[in-house]
Amino acid sequence: MTTLEIAVQDAAGAAGALAGGADRVELCAALGATGGLTPSPATIAATVATGVEVHALIRNRPGGFVYSPDEVRVLADDVRRAVDLGAAGVVIGALQPDGALDAAATAILLDAAGDADVTFHRAIDTVSDPVRTLHQLADIGVLRVLTSGGAPKAGDGLNTLAALIAADTGVEVMAGGGVTPTSIPSLLAVGVDAVHLSAKAVVADPGATGPGGGTASGLEVTDPAVVAAARAATYTKR
């Protein structure tokens, strides 16, 4: 059975993911608005308390993945704090201005994670040579990558996903980006180790945002029914 990871934003979302059959969660803040940012320490602690395996996204701002030395120090501190709070893993990514892997920054974040799992996120989808980058990540000890195969949706990046798997680096390849229960069978067919999706639904916001409160038209929540459908799809024969 293929591992199922659900991106969630809070403890309630993690509980819903667990109820739907998820194996683990990626915990982040502002998922829909920014693609995900570092969750607060209290959110990490509350989510760990649900009993699900938590992997915390470590990304201190929206935008690209080129970080200054000061930013790397902050990211490393966030990695240590997440692990101290009980996160089983962290999700990181750092690139150079030319789009290549920032191996030095990544190594600093790996060291900060200690024995926790480290996933390199979809920053890999912006590099010019993802297979070469995967080999570099293997050399420095990254456990897995989250990737759409460089496409807007993982279902459209099957050729690159297959090439990453064929590289046989020892790094797990987790497909993510626009994944739905119906797209999972095609991802399994190329041999991915795991699938990742947000399983989001939008519900009415009970309060007004007011000036400066943003423009969101509702609240994003995790839908256990979508998680369950994704779980069922992972049983599809390859």
# chains A, B, ... in the order shown; residues from 1 in each chain; ligands from 1

call {"tool": "closest_atom_pairs", "arguments": {"of": "segment 110-192 of chain A", "to": "segment 4-8 of chain A", "cutoff": "10 Å", "atoms": "only C-alpha atoms", "output": "JSON lines"}}
result
{"residue": "A:Met174", "atom": "CA", "partner": "A:Glu5", "partner_atom": "CA", "distance": 8.9}
{"residue": "A:Ala175", "atom": "CA", "partner": "A:Glu5", "partner_atom": "CA", "distance": 9.8}
{"residue": "A:Gly176", "atom": "CA", "partner": "A:Glu5", "partner_atom": "CA", "distance": 9.2}

call {"tool": "write_last_selection", "arguments": {"atoms": "N, CA, C and O atoms", "output": "CSV table (one decimal), in the first residue's frame"}}
result
chain,number,residue,atom,x,y,z
A,174,MET,N,7.8,11.3,-3.5
A,174,MET,CA,6.4,11.5,-3.1
A,174,MET,C,5.7,12.4,-4.1
A,174,MET,O,6.2,13.6,-4.3
A,175,ALA,N,4.7,12.0,-4.8
A,175,ALA,CA,4.0,12.8,-5.8
A,175,ALA,C,3.0,13.8,-5.1
A,175,ALA,O,2.2,13.4,-4.3
A,176,GLY,N,3.1,15.1,-5.4
A,176,GLY,CA,2.2,16.1,-4.8
A,176,GLY,C,2.1,17.2,-5.8
A,176,GLY,O,3.0,17.5,-6.5

call {"tool": "select_by_dssp", "arguments": {"residues": "segment 33-69 of chain A", "states": "strand (DSSP E)", "output": "list in words"}}
result
Glu53, Val54, His55, Ala56 and Leu57 of chain A

call {"tool": "closest_atom_pairs", "arguments": {"of": "segment 111-215 of chain A", "to": "segment 88-103 of chain A", "cutoff": "8 Å", "atoms": "only C-alpha atoms", "output": "tab-separated table"}}
result
residue	atom	partner	partner_atom	distance
A:Ala113	CA	A:Val90	CA	7.3
A:Ala116	CA	A:Gly89	CA	4.8
A:Asp117	CA	A:Gly89	CA	4.2
A:Val118	CA	A:Val90	CA	5.2
A:Thr119	CA	A:Val91	CA	4.6
A:Phe120	CA	A:Ile92	CA	5.1
A:His121	CA	A:Gly93	CA	5.6
A:Arg122	CA	A:Gly93	CA	7.6
A:Ala123	CA	A:Gly93	CA	5.8
A:Ile124	CA	A:Gly93	CA	7.8
A:Thr126	CA	A:Gly99	CA	6.9
A:Val127	CA	A:Gly99	CA	5.4
A:Ser128	CA	A:Gly99	CA	7.2
A:Thr133	CA	A:Leu101	CA	6.5
A:Gln136	CA	A:Ala103	CA	7.8
A:Leu137	CA	A:Ala103	CA	8.0
A:Ile140	CA	A:Ala103	CA	7.9

call {"tool": "residues_around", "arguments": {"residues": "Gly51 of chain A", "least_positions_apart": "3", "cutoff": "10 Å", "atoms": "only C-alpha atoms", "output": "list in words"}}
result
Ala11, Ala14, Ala15, Leu18, Arg24, Ala46, Thr47, Val48 and Val54 of chain A

call {"tool": "write_last_selection", "arguments": {"atoms": "N, CA, C and O atoms", "output": "CSV table (one decimal), in the first residue's frame"}}
result
chain,number,residue,atom,x,y,z
A,11,ALA,N,-4.7,21.2,14.1
A,11,ALA,CA,-5.0,19.9,14.8
A,11,ALA,C,-6.3,19.3,14.3
A,11,ALA,O,-6.4,18.1,14.2
A,14,ALA,N,-5.7,17.6,11.1
A,14,ALA,CA,-4.9,16.4,11.3
A,14,ALA,C,-5.8,15.3,11.8
A,14,ALA,O,-5.7,14.1,11.4
A,15,ALA,N,-6.7,15.6,12.7
A,15,ALA,CA,-7.7,14.6,13.2
A,15,ALA,C,-8.5,14.1,12.1
A,15,ALA,O,-8.8,12.9,12.0
A,18,LEU,N,-6.5,11.8,9.9
A,18,LEU,CA,-6.3,10.5,10.6
A,18,LEU,C,-7.6,9.7,10.5
A,18,LEU,O,-7.5,8.5,10.2
A,24,ARG,N,0.3,10.0,7.5
A,24,ARG,CA,0.9,11.1,8.2
A,24,ARG,C,0.4,12.4,7.6
A,24,ARG,O,-0.3,12.4,6.6
A,46,ALA,N,-0.1,21.1,19.3
A,46,ALA,CA,-1.5,20.6,19.3
A,46,ALA,C,-1.7,19.5,18.3
A,46,ALA,O,-2.5,18.5,18.5
A,47,THR,N,-1.1,19.6,17.2
A,47,THR,CA,-1.2,18.6,16.1
A,47,THR,C,-0.5,17.3,16.5
A,47,THR,O,-1.1,16.2,16.2
A,48,VAL,N,0.6,17.4,17.0
A,48,VAL,CA,1.3,16.2,17.5
A,48,VAL,C,0.5,15.5,18.5
A,48,VAL,O,0.4,14.3,18.6
A,54,VAL,N,3.5,13.8,12.4
A,54,VAL,CA,3.5,15.2,11.9
A,54,VAL,C,4.8,15.5,11.3
A,54,VAL,O,5.9,15.3,11.9

call {"tool": "closest_atom_pairs", "arguments": {"of": "segment 25-136 of chain A", "to": "segment 179-198 of chain A", "cutoff": "9 Å", "atoms": "only C-alpha atoms", "output": "CSV"}}
result
residue,atom,partner,partner_atom,distance
A:Val25,CA,A:His196,CA,8.8
A:Glu26,CA,A:His196,CA,8.7
A:Leu31,CA,A:Ser198,CA,8.8

call {"tool": "select_by_dssp", "arguments": {"residues": "segment 81-232 of chain A", "states": "alpha helix (DSSP H)", "output": "PyMOL selection string"}}
result
chain A and resi 81-84+103-113+130-140+158-166+184-190+224-232

call {"tool": "closest_residue", "arguments": {"among": "A:Gly141, A:Pro130, A:Pro62, A:Gly218", "to": "Leu110 of chain A", "atoms": "only C-alpha atoms"}}
result
A:Gly141

call {"tool": "closest_residue", "arguments": {"among": "A:Gly63, A:Gly36, A:Pro41, A:Gly13", "to": "Asp84 of chain A", "atoms": "only C-alpha atoms"}}
result
A:Pro41

call {"tool": "atom_distance", "arguments": {"atom1": "atom CA of Gly64 of chain A", "atom2": "atom CA of Thr160 of chain A"}}
result
21.6 Å

call {"tool": "atom_distance", "arguments": {"atom1": "atom CA of Val227 of chain A", "atom2": "atom CA of Gly20 of chain A"}}
result
4.9 Å

call {"tool": "residues_around", "arguments": {"residues": "Met1 of chain A", "least_positions_apart": "3", "cutoff": "9 Å", "atoms": "only C-alpha atoms", "output": "PyMOL selection string"}}
result
chain A and resi 4+234-236

call {"tool": "residues_around", "arguments": {"residues": "Leu158 of chain A", "least_positions_apart": "3", "cutoff": "9 Å", "atoms": "only C-alpha atoms", "output": "PDB file with all heavy atoms, in the first residue's frame"}}
result
ATOM      1  N   SER A 148       5.935  17.382  -8.176  1.00  0.00           N
ATOM      2  CA  SER A 148       4.907  17.179  -9.212  1.00  0.00           C
ATOM      3  C   SER A 148       5.531  16.773 -10.528  1.00  0.00           C
ATOM      4  O   SER A 148       4.857  16.757 -11.557  1.00  0.00           O
ATOM      5  CB  SER A 148       4.111  18.475  -9.409  1.00  0.00           C
ATOM      6  OG  SER A 148       4.967  19.485  -9.945  1.00  0.00           O
ATOM      7  N   GLY A 149       6.836  16.477 -10.501  1.00  0.00           N
ATOM      8  CA  GLY A 149       7.523  16.214 -11.752  1.00  0.00           C
ATOM      9  C   GLY A 149       7.710  17.466 -12.583  1.00  0.00           C
ATOM     10  O   GLY A 149       7.872  17.403 -13.804  1.00  0.00           O
ATOM     11  N   ALA A 151       5.571  19.750 -13.221  1.00  0.00           N
ATOM     12  CA  ALA A 151       4.337  20.198 -13.872  1.00  0.00           C
ATOM     13  C   ALA A 151       3.428  20.888 -12.863  1.00  0.00           C
ATOM     14  O   ALA A 151       3.575  20.708 -11.646  1.00  0.00           O
ATOM     15  CB  ALA A 151       3.613  19.005 -14.489  1.00  0.00           C
ATOM     16  N   ALA A 154       0.790  16.929 -10.588  1.00  0.00           N
ATOM     17  CA  ALA A 154       1.631  15.734 -10.654  1.00  0.00           C
ATOM     18  C   ALA A 154       1.176  14.776 -11.755  1.00  0.00           C
ATOM     19  O   ALA A 154       2.007  14.102 -12.371  1.00  0.00           O
ATOM     20  CB  ALA A 154       1.621  15.022  -9.297  1.00  0.00           C
ATOM     21  N   GLY A 155      -0.120  14.746 -12.022  1.00  0.00           N
ATOM     22  CA  GLY A 155      -0.623  13.875 -13.072  1.00  0.00           C
ATOM     23  C   GLY A 155      -0.112  14.239 -14.451  1.00  0.00           C
ATOM     24  O   GLY A 155      -0.159  13.404 -15.374  1.00  0.00           O
ATOM     25  N   LEU A 161       8.517  12.162 -13.111  1.00  0.00           N
ATOM     26  CA  LEU A 161       8.405  11.312 -11.923  1.00  0.00           C
ATOM     27  C   LEU A 161       9.024   9.942 -12.192  1.00  0.00           C
ATOM     28  O   LEU A 161       9.762   9.403 -11.360  1.00  0.00           O
ATOM     29  CB  LEU A 161       6.942  11.161 -11.513  1.00  0.00           C
ATOM     30  CG  LEU A 161       6.275  12.395 -10.912  1.00  0.00           C
ATOM     31  CD1 LEU A 161       4.770  12.163 -10.773  1.00  0.00           C
ATOM     32  CD2 LEU A 161       6.878  12.737  -9.556  1.00  0.00           C
ATOM     33  N   ALA A 162       8.744   9.396 -13.358  1.00  0.00           N
ATOM     34  CA  ALA A 162       9.313   8.090 -13.714  1.00  0.00           C
ATOM     35  C   ALA A 162      10.830   8.161 -13.790  1.00  0.00           C
ATOM     36  O   ALA A 162      11.527   7.224 -13.364  1.00  0.00           O
ATOM     37  CB  ALA A 162       8.730   7.620 -15.044  1.00  0.00           C
ATOM     38  N   ALA A 163      11.367   9.265 -14.314  1.00  0.00           N
ATOM     39  CA  ALA A 163      12.820   9.413 -14.403  1.00  0.00           C
ATOM     40  C   ALA A 163      13.455   9.517 -13.023  1.00  0.00           C
ATOM     41  O   ALA A 163      14.543   8.964 -12.774  1.00  0.00           O
ATOM     42  CB  ALA A 163      13.168  10.645 -15.236  1.00  0.00           C
ATOM     43  N   SER A 186      -2.769   6.767 -11.711  1.00  0.00           N
ATOM     44  CA  SER A 186      -1.718   7.010 -12.700  1.00  0.00           C
ATOM     45  C   SER A 186      -0.378   7.279 -12.024  1.00  0.00           C
ATOM     46  O   SER A 186       0.686   6.943 -12.577  1.00  0.00           O
ATOM     47  CB  SER A 186      -2.092   8.187 -13.607  1.00  0.00           C
ATOM     48  OG  SER A 186      -2.171   9.405 -12.878  1.00  0.00           O
ATOM     49  N   LEU A 187      -0.408   7.862 -10.822  1.00  0.00           N
ATOM     50  CA  LEU A 187       0.824   8.095 -10.074  1.00  0.00           C
ATOM     51  C   LEU A 187       1.386   6.783  -9.537  1.00  0.00           C
ATOM     52  O   LEU A 187       2.599   6.553  -9.568  1.00  0.00           O
ATOM     53  CB  LEU A 187       0.564   9.076  -8.930  1.00  0.00           C
ATOM     54  CG  LEU A 187       0.071  10.464  -9.358  1.00  0.00           C
ATOM     55  CD1 LEU A 187      -0.389  11.268  -8.155  1.00  0.00           C
ATOM     56  CD2 LEU A 187       1.171  11.208 -10.112  1.00  0.00           C
ATOM     57  N   VAL A 190       3.446   4.705 -12.109  1.00  0.00           N
ATOM     58  CA  VAL A 190       4.861   4.987 -12.383  1.00  0.00           C
ATOM     59  C   VAL A 190       5.754   4.612 -11.207  1.00  0.00           C
ATOM     60  O   VAL A 190       6.979   4.685 -11.317  1.00  0.00           O
ATOM     61  CB  VAL A 190       5.094   6.465 -12.782  1.00  0.00           C
ATOM     62  CG1 VAL A 190       4.327   6.812 -14.041  1.00  0.00           C
ATOM     63  CG2 VAL A 190       4.744   7.411 -11.645  1.00  0.00           C
TER      64      VAL A 190
END

call {"tool": "closest_residue", "arguments": {"among": "A:Leu146, A:Leu219, A:Val72, A:Ala29", "to": "Leu57 of chain A", "atoms": "only C-alpha atoms"}}
result
A:Ala29

call {"tool": "closest_residue", "arguments": {"among": "A:Asn60, A:Gln9, A:Thr169, A:Asn159", "to": "Leu143 of chain A", "atoms": "only C-alpha atoms"}}
result
A:Thr169

call {"tool": "atom_distance", "arguments": {"atom1": "atom CA of Ser217 of chain A", "atom2": "atom CA of Ala199 of chain A"}}
result
17.9 Å
